[in-house]
>>> print(open('run-v5.txt').read())   # compact mmCIF, C-alpha atoms
# COMPACT_ATOMS: atom_id res chain seq x y z
CA GLU P 1 20.37 1.19 -18.93
CA GLU P 2 17.00 1.63 -17.22
CA GLU P 3 13.76 2.56 -18.96
CA GLU P 4 12.82 6.13 -19.66
CA GLU P 5 11.56 7.67 -16.44
CA GLU P 6 8.25 9.47 -16.19
CA GLU P 7 7.97 13.07 -15.20
CA ALA P 8 6.84 13.56 -11.61
CA ALA P 9 5.82 16.55 -9.60
CA THR P 10 8.31 18.60 -7.66
CA LEU P 11 8.65 16.98 -4.25
CA ALA P 12 7.95 18.51 -0.86
CA PRO P 13 7.68 22.17 0.03
CA GLU P 14 10.48 23.41 2.23
CA LYS P 15 9.99 22.35 5.84
CA ASP P 16 12.03 22.56 9.00
CA PRO P 17 13.59 19.09 9.58
CA VAL P 18 13.30 19.58 13.35
CA LYS P 19 9.54 19.99 13.02
CA VAL P 20 9.39 16.90 10.82
CA GLN P 21 11.16 14.92 13.53
CA SER P 22 8.81 16.21 16.22
CA THR P 23 5.78 14.61 14.52
CA PHE P 24 7.10 11.13 15.31
CA PRO P 25 7.41 9.63 18.81
CA TYR P 26 10.68 7.92 17.86
CA PRO P 27 13.86 8.88 15.95
CA VAL P 28 13.44 9.14 12.18
CA ASP P 29 15.47 10.17 9.16
CA SER P 30 13.46 12.61 7.04
CA ASP P 31 14.99 11.14 3.86
CA ASP P 32 13.06 7.93 4.58
CA HIS P 33 9.71 9.68 4.18
CA CYS P 34 8.40 8.70 0.77
CA GLU P 35 5.04 7.06 0.12
CA THR P 36 4.70 3.92 -1.99
CA PRO P 37 2.83 4.58 -5.27
CA GLU P 38 -0.57 2.96 -5.85
CA ILE P 39 0.72 0.96 -8.80
CA ALA P 40 3.18 -0.90 -6.58
CA TYR P 41 0.35 -2.16 -4.37
CA ALA P 42 -1.69 -3.08 -7.44
CA HIS P 43 1.23 -5.20 -8.65
CA ILE P 44 1.43 -7.19 -5.42
CA ALA P 45 -2.35 -7.46 -4.88
CA PRO P 46 -2.78 -10.77 -6.78
CA TYR P 47 -0.46 -12.46 -4.28
CA LEU P 48 -2.26 -10.97 -1.30
CA ARG P 49 -5.62 -12.13 -2.69
CA SER P 50 -4.32 -15.68 -3.09
CA LEU P 51 -3.49 -16.10 0.60
CA PRO P 52 -5.70 -18.73 2.30
CA THR P 53 -7.59 -16.81 4.99
CA SER P 54 -11.02 -17.40 6.52
CA THR P 55 -11.85 -13.69 6.36
CA SER P 56 -10.42 -10.73 4.45
CA THR P 57 -6.63 -10.73 4.51
CA ARG P 58 -5.13 -8.96 7.52
CA ILE P 59 -2.10 -6.95 6.43
CA TYR P 60 0.55 -5.51 8.74
CA ASP P 61 2.85 -2.65 7.71
CA PRO P 62 4.99 -1.57 10.68
CA TYR P 63 6.83 1.39 9.14
CA TYR P 64 4.73 4.55 9.22
CA CYS P 65 5.17 7.44 6.81
CA ASP P 66 1.89 9.27 6.32
CA GLY P 67 -0.67 6.49 6.54
CA GLY P 68 -1.23 6.32 2.80
CA VAL P 69 -0.84 2.54 2.70
CA ILE P 70 -4.17 2.14 4.52
CA PHE P 71 -6.18 4.05 1.92
CA LYS P 72 -4.35 2.55 -1.04
CA LEU P 73 -4.85 -1.02 0.14
CA ASN P 74 -8.46 -0.30 1.13
CA ALA P 75 -9.08 0.85 -2.45
CA LEU P 76 -7.74 -2.49 -3.72
CA GLY P 77 -10.14 -4.45 -1.52
CA PHE P 78 -8.06 -4.95 1.62
CA PRO P 79 -9.91 -3.28 4.52
CA ASN P 80 -7.90 -4.86 7.36
CA VAL P 81 -4.59 -3.01 7.52
CA SER P 82 -2.60 -2.53 10.73
CA HIS P 83 -0.39 0.52 10.33
CA ALA P 84 0.34 2.72 13.35
CA LYS P 85 2.76 5.51 14.13
CA GLU P 86 4.74 3.58 16.74
CA ASP P 87 8.22 2.18 17.30
CA CYS P 88 7.86 -1.23 15.66
CA TYR P 89 11.04 -2.55 17.25
CA SER P 90 9.62 -1.96 20.72
CA VAL P 91 6.36 -3.55 19.62
CA TRP P 92 8.15 -6.64 18.34
CA SER P 93 10.37 -7.05 21.39
CA ALA P 94 7.32 -6.76 23.65
CA GLY P 95 5.50 -9.47 21.72
CA LEU P 96 2.71 -7.07 20.72
CA THR P 97 2.78 -7.51 16.95
CA PRO P 98 -0.77 -7.13 15.58
CA PRO P 99 -2.43 -10.34 14.31
CA HIS P 100 -1.88 -10.55 10.57
CA ASP P 101 -1.93 -12.87 7.58
CA ALA P 102 0.68 -10.98 5.57
CA PHE P 103 3.58 -8.69 6.43
CA LEU P 104 3.91 -6.00 3.77
CA THR P 105 6.09 -2.91 3.89
CA ASN P 106 8.34 -0.44 2.12
CA PRO P 107 10.87 -0.05 4.94
CA PRO P 108 13.17 2.89 5.66
CA TYR P 109 16.55 2.38 4.02
CA SER P 110 18.64 4.49 6.41
CA ALA P 111 20.81 3.15 9.23
CA ASP P 112 20.35 -0.60 9.85
CA HIS P 113 16.56 -0.75 9.40
CA VAL P 114 16.59 -3.31 6.59
CA GLU P 115 18.94 -5.64 8.42
CA ARG P 116 16.81 -5.43 11.58
CA LEU P 117 13.71 -6.07 9.51
CA MET P 118 15.17 -9.12 7.77
CA THR P 119 16.45 -10.51 11.08
CA HIS P 120 12.94 -10.18 12.52
CA LEU P 121 11.23 -11.80 9.54
CA CYS P 122 13.70 -14.67 9.24
CA ARG P 123 13.61 -15.58 12.92
CA PRO P 124 12.95 -19.26 13.72
CA GLY P 125 9.28 -20.16 13.86
CA ASN P 126 7.97 -17.27 11.78
CA ASP P 127 5.64 -18.71 9.12
CA LYS P 128 3.97 -15.50 7.98
CA PRO P 129 4.34 -14.53 4.32
CA TRP P 130 6.14 -11.27 3.65
CA PHE P 131 6.29 -8.78 0.81
CA LEU P 132 9.00 -6.13 1.00
CA LEU P 133 9.39 -3.27 -1.45
CA MET P 134 13.10 -2.46 -1.54
CA PRO P 135 15.91 -1.45 -3.89
CA GLN P 136 17.34 -4.36 -5.86
CA HIS P 137 20.80 -3.94 -4.37
CA TYR P 138 19.64 -5.32 -1.02
CA MET P 139 19.65 -8.82 -2.47
CA LYS P 140 23.46 -8.54 -2.69
CA HIS P 141 24.05 -7.73 0.98
CA PRO P 142 25.83 -10.52 2.88
CA TYR P 143 23.35 -10.42 5.77
CA TYR P 144 20.45 -10.76 3.33
CA LYS P 145 21.95 -13.76 1.55
CA ARG P 146 22.74 -15.38 4.90
CA LEU P 147 19.26 -14.83 6.35
CA VAL P 148 17.34 -16.12 3.31
CA ALA P 149 19.74 -18.96 2.48
CA ASP P 150 17.09 -21.61 3.25
CA ARG P 151 14.22 -19.71 1.62
CA ARG P 152 13.29 -19.59 -2.04
CA VAL P 153 12.56 -15.88 -2.07
CA PHE P 154 11.11 -14.66 -5.35
CA TYR P 155 10.98 -11.17 -6.79
CA VAL P 156 8.19 -9.21 -8.47
CA ILE P 157 9.86 -6.60 -10.65
CA PRO P 158 8.05 -3.66 -12.27
CA LYS P 159 8.76 -3.13 -15.95
CA LYS P 160 8.73 0.59 -15.30
CA ARG P 161 10.55 2.11 -12.36
CA TYR P 162 8.38 3.18 -9.43
CA VAL P 163 8.24 6.86 -8.50
CA TYR P 164 8.26 7.72 -4.79
CA LEU P 165 7.17 11.12 -3.52
CA PRO P 166 7.23 12.39 0.07
CA PRO P 167 3.99 13.67 1.59
CA PRO P 168 3.86 17.49 1.75
CA GLY P 169 5.75 18.86 4.72
CA LEU P 170 7.39 15.62 5.84
CA ARG P 171 10.78 16.21 4.31
CA ALA P 172 12.99 19.25 3.83
CA LYS P 173 13.24 20.14 0.16
CA LYS P 174 16.57 19.64 -1.59
CA ALA P 175 17.87 21.32 -4.72
CA SER P 176 18.01 17.91 -6.42
CA ASP P 177 14.27 17.40 -5.84
CA THR P 178 13.26 20.01 -8.40
CA HIS P 179 11.90 18.37 -11.57
CA LYS P 180 12.82 14.98 -10.15
CA LYS P 181 11.70 12.26 -12.56
CA SER P 182 11.93 9.08 -10.52
CA SER P 183 13.59 7.20 -7.73
CA PRO P 184 17.41 7.06 -7.99
CA PHE P 185 17.29 3.28 -7.57
CA VAL P 186 15.47 0.29 -9.09
CA SER P 187 13.07 -1.25 -6.59
CA MET P 188 11.13 -4.51 -6.57
CA TRP P 189 9.06 -6.71 -4.29
CA PHE P 190 10.98 -9.31 -2.26
CA CYS P 191 8.47 -12.10 -1.56
CA TRP P 192 8.34 -15.19 0.64
CA GLY P 193 5.28 -17.33 1.32
CA GLY P 194 6.08 -18.14 4.94
CA THR P 195 6.72 -21.84 4.31
CA ALA P 196 8.14 -23.73 1.35
CA GLU P 197 4.72 -25.15 0.48
CA ALA P 198 2.97 -21.77 0.72
CA ASN P 199 5.74 -20.19 -1.32
CA GLU P 200 5.18 -22.67 -4.15
CA ARG P 201 1.50 -21.72 -4.16
CA LEU P 202 2.42 -18.07 -4.50
CA LEU P 203 4.76 -18.85 -7.38
CA ARG P 204 1.80 -20.34 -9.25
CA VAL P 205 -0.17 -17.07 -8.97
CA ARG P 206 -0.64 -15.34 -12.28
CA ALA P 207 1.23 -12.04 -12.11
CA GLY P 208 -0.54 -8.95 -13.37
CA GLU P 209 0.51 -6.79 -16.27
CA GLY P 210 3.45 -4.48 -15.80
CA VAL P 211 5.67 -6.86 -13.83
CA GLU P 212 8.03 -9.76 -14.32
CA VAL P 213 8.69 -12.50 -11.77
CA ALA P 214 12.16 -13.81 -10.97
CA ARG P 215 12.46 -16.99 -8.92
CA SER P 216 15.99 -16.30 -7.72
CA ARG P 217 18.64 -13.61 -7.45
CA SER P 218 20.35 -14.97 -10.57
CA ALA P 219 17.04 -14.73 -12.44
CA VAL P 220 16.83 -11.04 -11.47
CA ARG P 221 20.26 -10.51 -13.01
CA ASP P 222 19.22 -12.41 -16.14
CA LEU P 223 16.13 -10.25 -16.58
CA ARG P 224 18.25 -7.12 -16.17
CA ARG P 225 20.68 -8.28 -18.87
CA THR P 226 17.87 -9.27 -21.23
CA GLY P 227 16.22 -5.88 -20.77
CA LYS P 228 19.45 -4.08 -21.63
CA LYS P 229 19.92 -6.14 -24.80
CA GLN P 230 16.42 -5.35 -25.99
CA LYS P 231 16.90 -1.57 -25.73
>>> encode(input="run-v5.txt", output="structure tokens")
Amino acid sequence: EEEEEEEAATLAPEKDPVKVQSTFPYPVDSDDHCETPEIAYAHIAPYLRSLPTSTSTRIYDPYYCDGGVIFKLNALGFPNVSHAKEDCYSVWSAGLTPPHDAFLTNPPYSADHVERLMTHLCRPGNDKPWFLLMPQHYMKHPYYKRLVADRRVFYVIPKKRYVYLPPPGLRAKKASDTHKKSSPFVSMWFCWGGTAEANERLLRVRAGEGVEVARSRSAVRDLRRTGKKQK
């Protein structure tokens, strides 16, 4: 089974879900409000730094939680981050997507957000690289396999499970949150270089410590089996 999970702080203080909803100008599910840990961004940073840009890499994260991604990426040397509290689907349909060199996000998992996201990223003509932090099980979804069928998506997998915590006051506390140790799912980075050539360049990047790289869905399964045998 999975590695031993680290202790983490009790999650959010009790908060009225209606008030949580009122802080966003579009419908949200409060269960989606969890910030990505700093270590996850550190793990993907080598790939962001390798992107061929004339200035510092412009990163776009369309799904807003509490704005923490801006400060965490800034601390890693990425000062140009577009991340606004707005309905990204309206922005995309209006053709107002901010200029960017890389699309990076930990999307909401409720409703059909991931399918809408993948449909947007895999649209014809899109050559921007993307890095998506999602539970491993999304690679099994039929729509995912269909949309990435002509892309050699690779996966950056942490050796230790990431811990996600909601910002204070953004989610109603649940009994199960007390003494919560980690996320209930195994997550990893789903990565695509934008074009086949750019993707091959990314695959040659030396991954940092604390992660393993799988070049296919079957390689993810192989790593999982190997990890279980070693325990």
>>> residues_around(input="run-v5.txt", residues="region 116-132 of chain P", least_positions_apart="2", cutoff="6 Å", atoms="all atoms listed in the file", output="PyMOL selection string")
chain P and resi 102-106+113-114+189-195
>>> closest_residue(input="run-v5.txt", among="P:Gly77, P:Gly208, P:Pro167, P:Pro98", to="Arg49 (chain P)", atoms="all atoms listed in the file")
P:Gly77
>>> axis_aligned_box(input="run-v5.txt", around="region 208-214 of chain P", padding_each_side="6 Å", output="AutoDock Vina command-line options")
--center_x 5.8 --center_y -9.1 --center_z -13.6 --size_x 24.7 --size_y 21.3 --size_z 17.3
>>> residues_around(input="run-v5.txt", residues="Arg204 (chain P)", least_positions_apart="4", cutoff="10 Å", atoms="all atoms listed in the file", output="PyMOL selection string")
chain P and resi 47+50+199-200
>>> atom_distance(input="run-v5.txt", atom1="CA of Ser187 (chain P)", atom2="CA of Ser56 (chain P)")
27.6 Å
>>> atom_distance(input="run-v5.txt", atom1="CA of Glu212 (chain P)", atom2="CA of Lys140 (chain P)")
19.4 Å
